[in-house]
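Student: Structure provided below as structure tokens; questions to follow.
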Amino acid sequence: MSDSEETVFVIVVNWNNVSDTVRCLQSLSSVDYSGMRVMVVDNGSTDGSAGHIRHHFPQHEILELKSNRGFGGGCNAGHKVALEKGARYVVFLNNDTVVDPGFLEPLIAPLRERDELAVTVPRIYFMTRPDRIWYAGGEVNLLTGRIVHRGIRQPDGKRFGFPFETAYATGCCLAVRVSDFNDAGGFDPSFSMYAEDVDLSLRMQEGGKKILYVPTSKVWHRVSASGGGELGLPRLWKKNRSILRLLVKHRAWSGIFFYLLLAPFRLVQGATAVHDFTRGE
């Protein structure tokens, strides 16, 4: 088997959200990559998701967990199966996404060609406004506690069309070598939701690996479908709690101070940006 045909597991975690997962799987059906295998990890759903997916997508593997292990725990469980089955790469993909038919090869090719890379990540758009950027690389400043998507809510353009090494990969969609993910210890499941992707990225880089933003790979994301929207209280609570956990874990003491100090201002700024953005939908 040639490198270009080596097995890539695309792992989609589902929890009581079968409609989004079905839409995601339908988009994956258009991907032309001979070594791609799709695995749905069902995180203890109680809405019959697993049976529905098994009936309508019998070609895909389903790993049913007895309880909800969170995003990171679900991904870790899927990775374990991919490792046991000899996969070389895994792609973790949110279930509230749709992918471009050609999204996979551009993510895998750099990992195949550059040993220093551990992770690749695509250009991600808002599903509701498909010409607007949701993620075009990530910026992290542990000294100030600032973690932000590059280009978020901005119109797509040439400035987002160039690959570069970025500070973190979003868990919405990332590709990684199975061996590198295993060596890093996978996602830290204590985060449950949010910031586990930044934590993984930081640990990868501490181990000498790099993360590449690949704009020729394209994905569309129905943002915060599981958290009541960008300004949903459950989402805001979980996100802020997870970022503080991240800063503590990485001993970013000044980051904790500035994050707490600036949190009200950042919340108002973010709410204004979201309000202005949604008005344009």
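Following the order of the structure tokens, first chain is A, next is B, and so on, with residues numbered from 1 inside each chain and ligands from 1 in the order they appear.
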Among the residues of segment 18-258 of chain A, find those DSSP assigns to strand (DSSP E or B) from the backbone and print them as a ChimeraX atom specification.
Tutor: /A:36-43,61-65,89-94,97-99,117-126,132-135,138-141,146-149,155,164-165,173-177,210-221
Student: Please provide the set of residues having any atom within 9 Å of Asp20 of chain A, restricted to only C-alpha atoms, with same-chain residues fewer than 6 positions apart removed, written as a list in words.
Tutor: Asn14, Asn95, Asp96, Thr97, Arg222 and Ala225 of chain A
Student: For a test of reading the model, state the distance in Å between atom CA of Thr144 of chain A and atom CA of Phe191 of chain A, rounded to one decimal.
Tutor: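 Computed distance, atom CA of Thr144 of chain A to atom CA of Phe191 of chain A, equals 20.3 Å.
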Student: Using DSSP on the backbone coordinates, identify the residues of segment 19-200 of chain A assigned to helix (DSSP H, G or I); present them as an MDAnalysis selection string.
Tutor: chainID A and resid 19:28 49:56 70:84 104:113 158:160 178:184 189:191 196:200
Student: Considering only C-alpha atoms, can you say which of A:Phe277, A:Tyr89, A:Phe9, A:Phe164 comes closest to Asp180 of chain A?
Tutor: A:Tyr89
Student: Counting only C-alpha atoms, which of A:Ile256, A:Ala50, A:Leu83, A:Leu212 gets nearest to Ala169 of chain A?
Tutor: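 With only C-alpha atoms as the atom set, the closest residue is A:Leu212.
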Student: With only C-alpha atoms as the atoms that count, which of A:His55, A:His60, A:Arg129, A:Arg37 lies nearest to Pro155 of chain A?
Tutor: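 Counting only C-alpha atoms, the residue closest to Pro155 of chain A is A:Arg129.
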Student: Might you pull out every residue within 9 Å of Phe181 of chain A, with only C-alpha atoms counted and same-chain residues fewer than 5 positions away left off, and present them as a PDB file with all heavy atoms, in the first residue's frame?
Tutor:
```
ATOM      1  N   HIS A  79      -9.549   7.182  18.806  1.00  0.00           N
ATOM      2  CA  HIS A  79      -8.132   7.048  18.457  1.00  0.00           C
ATOM      3  C   HIS A  79      -7.585   5.685  18.865  1.00  0.00           C
ATOM      4  O   HIS A  79      -6.794   5.074  18.138  1.00  0.00           O
ATOM      5  CB  HIS A  79      -7.314   8.152  19.133  1.00  0.00           C
ATOM      6  CG  HIS A  79      -5.837   7.920  19.098  1.00  0.00           C
ATOM      7  ND1 HIS A  79      -5.156   7.318  20.136  1.00  0.00           N
ATOM      8  CD2 HIS A  79      -4.917   8.172  18.134  1.00  0.00           C
ATOM      9  CE1 HIS A  79      -3.876   7.224  19.811  1.00  0.00           C
ATOM     10  NE2 HIS A  79      -3.705   7.735  18.603  1.00  0.00           N
ATOM     11  N   VAL A  90      -5.262  10.169  11.947  1.00  0.00           N
ATOM     12  CA  VAL A  90      -6.665  10.360  12.315  1.00  0.00           C
ATOM     13  C   VAL A  90      -7.024  11.816  12.066  1.00  0.00           C
ATOM     14  O   VAL A  90      -6.177  12.712  12.170  1.00  0.00           O
ATOM     15  CB  VAL A  90      -6.966   9.998  13.790  1.00  0.00           C
ATOM     16  CG1 VAL A  90      -6.820   8.509  14.030  1.00  0.00           C
ATOM     17  CG2 VAL A  90      -6.108  10.803  14.748  1.00  0.00           C
ATOM     18  N   ALA A 118       3.161  17.754  13.385  1.00  0.00           N
ATOM     19  CA  ALA A 118       2.333  16.775  14.087  1.00  0.00           C
ATOM     20  C   ALA A 118       0.876  16.926  13.720  1.00  0.00           C
ATOM     21  O   ALA A 118       0.133  15.947  13.699  1.00  0.00           O
ATOM     22  CB  ALA A 118       2.497  16.917  15.595  1.00  0.00           C
ATOM     23  N   VAL A 119       0.460  18.170  13.438  1.00  0.00           N
ATOM     24  CA  VAL A 119      -0.956  18.475  13.258  1.00  0.00           C
ATOM     25  C   VAL A 119      -1.138  19.399  12.063  1.00  0.00           C
ATOM     26  O   VAL A 119      -0.344  20.320  11.854  1.00  0.00           O
ATOM     27  CB  VAL A 119      -1.544  19.157  14.514  1.00  0.00           C
ATOM     28  CG1 VAL A 119      -3.025  19.453  14.334  1.00  0.00           C
ATOM     29  CG2 VAL A 119      -1.325  18.298  15.757  1.00  0.00           C
ATOM     30  N   VAL A 176      -3.900  14.498  12.504  1.00  0.00           N
ATOM     31  CA  VAL A 176      -2.704  14.227  13.304  1.00  0.00           C
ATOM     32  C   VAL A 176      -2.241  12.803  13.043  1.00  0.00           C
ATOM     33  O   VAL A 176      -3.049  11.909  12.766  1.00  0.00           O
ATOM     34  CB  VAL A 176      -3.007  14.442  14.815  1.00  0.00           C
ATOM     35  CG1 VAL A 176      -4.114  13.516  15.287  1.00  0.00           C
ATOM     36  CG2 VAL A 176      -1.761  14.297  15.662  1.00  0.00           C
ATOM     37  N   GLY A 186      -2.806  12.034  24.002  1.00  0.00           N
ATOM     38  CA  GLY A 186      -4.163  12.339  23.574  1.00  0.00           C
ATOM     39  C   GLY A 186      -4.702  13.621  24.180  1.00  0.00           C
ATOM     40  O   GLY A 186      -3.962  14.437  24.745  1.00  0.00           O
ATOM     41  N   PHE A 187      -6.002  13.800  24.046  1.00  0.00           N
ATOM     42  CA  PHE A 187      -6.654  14.941  24.678  1.00  0.00           C
ATOM     43  C   PHE A 187      -6.743  14.717  26.177  1.00  0.00           C
ATOM     44  O   PHE A 187      -6.930  13.581  26.637  1.00  0.00           O
ATOM     45  CB  PHE A 187      -8.068  15.134  24.123  1.00  0.00           C
ATOM     46  CG  PHE A 187      -8.132  15.695  22.734  1.00  0.00           C
ATOM     47  CD1 PHE A 187      -8.641  14.930  21.691  1.00  0.00           C
ATOM     48  CD2 PHE A 187      -7.690  16.984  22.461  1.00  0.00           C
ATOM     49  CE1 PHE A 187      -8.715  15.445  20.405  1.00  0.00           C
ATOM     50  CE2 PHE A 187      -7.762  17.511  21.178  1.00  0.00           C
ATOM     51  CZ  PHE A 187      -8.269  16.738  20.145  1.00  0.00           C
ATOM     52  N   LEU A 200      -3.650  20.399  23.853  1.00  0.00           N
ATOM     53  CA  LEU A 200      -2.941  19.426  23.022  1.00  0.00           C
ATOM     54  C   LEU A 200      -1.909  20.122  22.148  1.00  0.00           C
ATOM     55  O   LEU A 200      -0.769  19.657  22.026  1.00  0.00           O
ATOM     56  CB  LEU A 200      -3.932  18.657  22.147  1.00  0.00           C
ATOM     57  CG  LEU A 200      -3.305  17.683  21.147  1.00  0.00           C
ATOM     58  CD1 LEU A 200      -2.677  16.493  21.872  1.00  0.00           C
ATOM     59  CD2 LEU A 200      -4.340  17.205  20.134  1.00  0.00           C
ATOM     60  N   MET A 204       2.076  19.422  22.156  1.00  0.00           N
ATOM     61  CA  MET A 204       2.753  18.994  20.932  1.00  0.00           C
ATOM     62  C   MET A 204       3.971  19.875  20.663  1.00  0.00           C
ATOM     63  O   MET A 204       5.056  19.389  20.334  1.00  0.00           O
ATOM     64  CB  MET A 204       1.790  19.067  19.740  1.00  0.00           C
ATOM     65  CG  MET A 204       0.708  18.015  19.724  1.00  0.00           C
ATOM     66  SD  MET A 204       1.354  16.429  19.135  1.00  0.00           S
ATOM     67  CE  MET A 204      -0.187  15.537  18.860  1.00  0.00           C
TER      68      MET A 204
END
```
Student: With a distance cut-off of 12 Å and only C-alpha atoms, select the neighbouring residues of Ala109 of chain A, excluding the residue or stretch itself and same-chain residues fewer than 2 positions from it, and output the selection as a compact mmCIF listing (two decimals) with N, CA, C and O atoms, in the first residue's frame.
Tutor:
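Result file result24.txt:
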```txt
# COMPACT_ATOMS: atom_id res chain seq x y z
N ASP A 3 1.90 5.36 0.43
CA ASP A 3 1.59 6.34 1.46
C ASP A 3 0.25 7.01 1.22
O ASP A 3 -0.52 7.26 2.14
N SER A 4 -0.03 7.32 -0.06
CA SER A 4 -1.25 8.04 -0.37
C SER A 4 -2.50 7.22 -0.10
O SER A 4 -3.59 7.76 -0.02
N GLU A 5 -2.34 5.91 0.06
CA GLU A 5 -3.48 5.04 0.30
C GLU A 5 -3.56 4.57 1.74
O GLU A 5 -4.44 3.79 2.09
N GLU A 6 -2.64 5.00 2.58
CA GLU A 6 -2.66 4.53 3.96
C GLU A 6 -3.93 4.98 4.67
O GLU A 6 -4.49 6.03 4.39
N VAL A 8 -6.69 6.46 6.87
CA VAL A 8 -6.98 7.65 7.66
C VAL A 8 -8.36 7.46 8.29
O VAL A 8 -9.36 7.30 7.58
N TYR A 33 -11.09 9.70 -1.29
CA TYR A 33 -9.79 9.35 -0.69
C TYR A 33 -9.86 7.87 -0.37
O TYR A 33 -10.62 7.45 0.51
N TYR A 89 -2.98 7.90 10.34
CA TYR A 89 -3.47 9.24 10.62
C TYR A 89 -4.91 9.18 11.14
O TYR A 89 -5.66 8.27 10.78
N PHE A 103 -11.24 18.02 1.01
CA PHE A 103 -10.62 18.53 2.23
C PHE A 103 -9.51 17.65 2.79
O PHE A 103 -8.61 18.13 3.49
N LEU A 104 -9.54 16.35 2.49
CA LEU A 104 -8.70 15.42 3.24
C LEU A 104 -7.25 15.37 2.75
O LEU A 104 -6.31 15.46 3.56
N GLU A 105 -7.03 15.23 1.46
CA GLU A 105 -5.67 15.10 0.95
C GLU A 105 -4.77 16.27 1.34
O GLU A 105 -3.61 16.04 1.73
N PRO A 106 -5.23 17.54 1.25
CA PRO A 106 -4.35 18.64 1.67
C PRO A 106 -3.94 18.58 3.13
O PRO A 106 -2.89 19.12 3.50
N LEU A 107 -4.76 17.96 3.98
CA LEU A 107 -4.38 17.82 5.39
C LEU A 107 -3.35 16.72 5.60
O LEU A 107 -2.46 16.83 6.46
N LEU A 111 1.68 16.08 6.45
CA LEU A 111 2.10 15.13 7.48
C LEU A 111 2.93 14.01 6.87
O LEU A 111 3.86 13.48 7.51
N ARG A 112 2.61 13.65 5.66
CA ARG A 112 3.35 12.61 4.95
C ARG A 112 4.75 13.09 4.58
O ARG A 112 5.71 12.31 4.54
N GLU A 113 4.87 14.39 4.31
CA GLU A 113 6.11 14.94 3.74
C GLU A 113 7.03 15.59 4.75
O GLU A 113 8.23 15.71 4.51
N ARG A 114 6.50 16.01 5.91
CA ARG A 114 7.31 16.78 6.87
C ARG A 114 7.23 16.15 8.26
O ARG A 114 6.21 16.23 8.94
N ASP A 115 8.33 15.55 8.68
CA ASP A 115 8.35 14.84 9.95
C ASP A 115 8.14 15.75 11.16
O ASP A 115 7.64 15.31 12.20
N LEU A 117 6.10 18.14 11.48
CA LEU A 117 4.69 18.48 11.67
C LEU A 117 3.99 17.36 12.44
O LEU A 117 4.18 16.19 12.15
N ALA A 118 3.16 17.75 13.39
CA ALA A 118 2.33 16.78 14.09
C ALA A 118 0.88 16.93 13.72
O ALA A 118 0.13 15.95 13.70
N VAL A 119 0.46 18.17 13.44
CA VAL A 119 -0.96 18.48 13.26
C VAL A 119 -1.14 19.40 12.06
O VAL A 119 -0.34 20.32 11.85
N THR A 120 -2.20 19.17 11.29
CA THR A 120 -2.62 20.10 10.26
C THR A 120 -4.08 20.46 10.50
O THR A 120 -4.84 19.67 11.06
N VAL A 121 -4.45 21.66 10.07
CA VAL A 121 -5.79 22.15 10.35
C VAL A 121 -6.28 22.98 9.16
O VAL A 121 -5.51 23.70 8.55
N ALA A 175 -6.07 17.17 11.72
CA ALA A 175 -5.47 15.90 11.33
C ALA A 175 -4.17 15.71 12.09
O ALA A 175 -3.42 16.68 12.29
N VAL A 176 -3.90 14.50 12.50
CA VAL A 176 -2.70 14.23 13.30
C VAL A 176 -2.24 12.80 13.04
O VAL A 176 -3.05 11.91 12.77
N ARG A 177 -0.92 12.59 13.11
CA ARG A 177 -0.42 11.22 13.06
C ARG A 177 -0.89 10.47 14.30
O ARG A 177 -0.86 11.00 15.42
N LEU A 212 0.39 23.11 11.34
CA LEU A 212 0.30 23.83 10.06
C LEU A 212 -1.14 24.13 9.69
O LEU A 212 -1.99 23.23 9.66
N VAL A 214 -3.66 24.87 6.84
CA VAL A 214 -3.69 24.46 5.43
C VAL A 214 -4.97 25.04 4.79
O VAL A 214 -6.05 24.44 4.87
N THR A 216 -6.05 25.27 1.75
CA THR A 216 -6.67 24.57 0.63
C THR A 216 -7.64 23.49 1.09
O THR A 216 -8.41 22.97 0.28
N SER A 217 -7.61 23.16 2.37
CA SER A 217 -8.59 22.25 2.96
C SER A 217 -9.68 23.11 3.58
O SER A 217 -9.40 24.01 4.39
```
Student: Would you pick out the contacts of Pro130 of chain A at 10 Å or less, using only C-alpha atoms, so that residues sharing its chain but fewer than 6 positions from it are not included, and give the list as a PyMOL selection string?
Tutor: chain A and resi 124+155-156+219-221
Student: Restricted to all heavy atoms, what would the selected residues look like written as an mmCIF file, in the first residue's frame?
Tutor:
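Result saved to result-v5.cif:
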```cif
data_model
loop_
_atom_site.group_PDB
_atom_site.id
_atom_site.type_symbol
_atom_site.label_atom_id
_atom_site.label_comp_id
_atom_site.auth_asym_id
_atom_site.auth_seq_id
_atom_site.Cartn_x
_atom_site.Cartn_y
_atom_site.Cartn_z
ATOM 1 N N ILE A 124 -11.633 27.162 8.076
ATOM 2 C CA ILE A 124 -12.988 26.830 8.519
ATOM 3 C C ILE A 124 -13.866 28.075 8.439
ATOM 4 O O ILE A 124 -13.478 29.154 8.898
ATOM 5 C CB ILE A 124 -12.986 26.275 9.950
ATOM 6 C CG1 ILE A 124 -12.035 25.056 10.042
ATOM 7 C CG2 ILE A 124 -14.393 25.881 10.381
ATOM 8 C CD1 ILE A 124 -11.891 24.489 11.436
ATOM 9 N N PRO A 155 -14.530 38.627 6.247
ATOM 10 C CA PRO A 155 -14.739 38.055 4.910
ATOM 11 C C PRO A 155 -13.504 37.286 4.462
ATOM 12 O O PRO A 155 -12.363 37.692 4.741
ATOM 13 C CB PRO A 155 -14.969 39.286 4.033
ATOM 14 C CG PRO A 155 -15.342 40.382 4.974
ATOM 15 C CD PRO A 155 -14.635 40.090 6.257
ATOM 16 N N ASP A 156 -13.721 36.183 3.788
ATOM 17 C CA ASP A 156 -12.603 35.421 3.247
ATOM 18 C C ASP A 156 -11.840 36.290 2.247
ATOM 19 O O ASP A 156 -12.403 37.176 1.604
ATOM 20 C CB ASP A 156 -13.123 34.155 2.563
ATOM 21 C CG ASP A 156 -12.020 33.162 2.265
ATOM 22 O OD1 ASP A 156 -10.906 33.314 2.821
ATOM 23 O OD2 ASP A 156 -12.269 32.235 1.475
ATOM 24 N N VAL A 219 -13.640 23.559 5.430
ATOM 25 C CA VAL A 219 -14.710 22.979 6.246
ATOM 26 C C VAL A 219 -15.657 24.107 6.641
ATOM 27 O O VAL A 219 -15.228 25.255 6.820
ATOM 28 C CB VAL A 219 -14.115 22.296 7.504
ATOM 29 C CG1 VAL A 219 -15.208 21.857 8.469
ATOM 30 C CG2 VAL A 219 -13.242 21.102 7.104
ATOM 31 N N TRP A 220 -16.946 23.772 6.801
ATOM 32 C CA TRP A 220 -17.944 24.736 7.268
ATOM 33 C C TRP A 220 -18.518 24.249 8.591
ATOM 34 O O TRP A 220 -18.846 23.072 8.739
ATOM 35 C CB TRP A 220 -19.053 24.905 6.230
ATOM 36 C CG TRP A 220 -18.577 25.662 5.024
ATOM 37 C CD1 TRP A 220 -18.732 27.004 4.768
ATOM 38 C CD2 TRP A 220 -17.841 25.127 3.918
ATOM 39 N NE1 TRP A 220 -18.131 27.324 3.572
ATOM 40 C CE2 TRP A 220 -17.574 26.197 3.019
ATOM 41 C CE3 TRP A 220 -17.366 23.855 3.579
ATOM 42 C CZ2 TRP A 220 -16.879 26.033 1.832
ATOM 43 C CZ3 TRP A 220 -16.663 23.680 2.402
ATOM 44 C CH2 TRP A 220 -16.426 24.772 1.544
ATOM 45 N N HIS A 221 -18.659 25.170 9.539
ATOM 46 C CA HIS A 221 -18.982 24.820 10.926
ATOM 47 C C HIS A 221 -20.252 25.541 11.376
ATOM 48 O O HIS A 221 -20.360 26.769 11.248
ATOM 49 C CB HIS A 221 -17.796 25.237 11.808
ATOM 50 C CG HIS A 221 -17.958 24.972 13.272
ATOM 51 N ND1 HIS A 221 -18.711 23.939 13.782
ATOM 52 C CD2 HIS A 221 -17.430 25.614 14.354
ATOM 53 C CE1 HIS A 221 -18.638 23.955 15.099
ATOM 54 N NE2 HIS A 221 -17.889 24.971 15.470
#
```
Student: Restricting the calculation to only C-alpha atoms: of A:Leu267, A:Gln154, A:Tyr125, A:Gly138, which residue gets closest to Val223 of chain A?
Tutor: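 Result for the nearest residue to Val223 of chain A: A:Tyr125.
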Student: A:Leu93, A:Glu165, A:Val31, A:His275: which is nearest Pro215 of chain A, counting only C-alpha atoms?
Tutor: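 The closest residue to Pro215 of chain A is A:Glu165.
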Student: For His250 of chain A, please output as a ChimeraX atom specification all residues within 10 Å (counting only C-alpha atoms; exclusion window: fewer than 2 positions along the same chain).
Tutor: /A:142,199,202-203,244-248,252-253,255
Student: Keeping only N, CA and C atoms, write the selected residues as a PDB file, in the first residue's frame.
Tutor:
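Just written: result.pdb:
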```pdb
ATOM      1  N   LEU A 142      -0.050  33.142  26.464  1.00  0.00           N
ATOM      2  CA  LEU A 142      -0.271  32.671  27.825  1.00  0.00           C
ATOM      3  C   LEU A 142       0.010  33.765  28.853  1.00  0.00           C
ATOM      4  N   ASP A 199      -4.681  22.932  24.651  1.00  0.00           N
ATOM      5  CA  ASP A 199      -3.782  22.168  25.532  1.00  0.00           C
ATOM      6  C   ASP A 199      -2.983  21.145  24.730  1.00  0.00           C
ATOM      7  N   LEU A 202      -0.322  22.952  22.637  1.00  0.00           N
ATOM      8  CA  LEU A 202       0.817  23.410  23.439  1.00  0.00           C
ATOM      9  C   LEU A 202       1.733  22.247  23.806  1.00  0.00           C
ATOM     10  N   ARG A 203       1.150  21.124  24.167  1.00  0.00           N
ATOM     11  CA  ARG A 203       1.961  19.958  24.524  1.00  0.00           C
ATOM     12  C   ARG A 203       2.711  19.420  23.314  1.00  0.00           C
ATOM     13  N   LEU A 244      -9.457  28.850  32.072  1.00  0.00           N
ATOM     14  CA  LEU A 244      -8.767  29.005  33.357  1.00  0.00           C
ATOM     15  C   LEU A 244      -8.059  27.709  33.741  1.00  0.00           C
ATOM     16  N   ARG A 245      -8.685  26.576  33.485  1.00  0.00           N
ATOM     17  CA  ARG A 245      -8.035  25.293  33.747  1.00  0.00           C
ATOM     18  C   ARG A 245      -6.760  25.157  32.909  1.00  0.00           C
ATOM     19  N   LEU A 246      -6.842  25.585  31.653  1.00  0.00           N
ATOM     20  CA  LEU A 246      -5.681  25.542  30.765  1.00  0.00           C
ATOM     21  C   LEU A 246      -4.542  26.397  31.305  1.00  0.00           C
ATOM     22  N   LEU A 247      -4.854  27.614  31.714  1.00  0.00           N
ATOM     23  CA  LEU A 247      -3.827  28.529  32.216  1.00  0.00           C
ATOM     24  C   LEU A 247      -3.188  27.990  33.494  1.00  0.00           C
ATOM     25  N   VAL A 248      -3.987  27.387  34.356  1.00  0.00           N
ATOM     26  CA  VAL A 248      -3.432  26.781  35.571  1.00  0.00           C
ATOM     27  C   VAL A 248      -2.533  25.605  35.214  1.00  0.00           C
ATOM     28  N   ALA A 252       0.507  29.475  33.739  1.00  0.00           N
ATOM     29  CA  ALA A 252       0.497  30.825  33.171  1.00  0.00           C
ATOM     30  C   ALA A 252      -0.141  31.771  34.191  1.00  0.00           C
ATOM     31  N   TRP A 253       0.612  32.076  35.251  1.00  0.00           N
ATOM     32  CA  TRP A 253       0.042  32.815  36.370  1.00  0.00           C
ATOM     33  C   TRP A 253      -0.347  34.233  35.974  1.00  0.00           C
ATOM     34  N   GLY A 255      -1.182  35.082  33.047  1.00  0.00           N
ATOM     35  CA  GLY A 255      -2.332  34.902  32.163  1.00  0.00           C
ATOM     36  C   GLY A 255      -3.628  34.800  32.941  1.00  0.00           C
TER      37      GLY A 255
END
```
Student: Between A:Gly51, A:Pro264, A:Pro189, A:Gly151, which residue has the minimum interatomic distance to Ser242 of chain A, considering only C-alpha atoms?
Tutor: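 That would be A:Pro189, the residue with the smallest distance to Ser242 of chain A.
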Student: Contacts of Ser201 of chain A at 10 Å or less, counting only C-alpha atoms, minus same-chain residues fewer than 4 places along, as a PyMOL selection string?
Tutor: chain A and resi 118-119+166-171+184+187+195-197+205-207+209-211
Student: So how far away is atom CA of Val38 of chain A from atom CA of Lys239 of chain A, in Å?
Tutor: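 Taking atom CA of Lys239 of chain A and atom CA of Val38 of chain A, their separation equals 28.2 Å.
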Student: What's the separation between atom CA of Gly145 of chain A and atom CA of Val198 of chain A, in Å to one decimal place?
Tutor: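 Here the two named atoms are 11.9 Å from each other.
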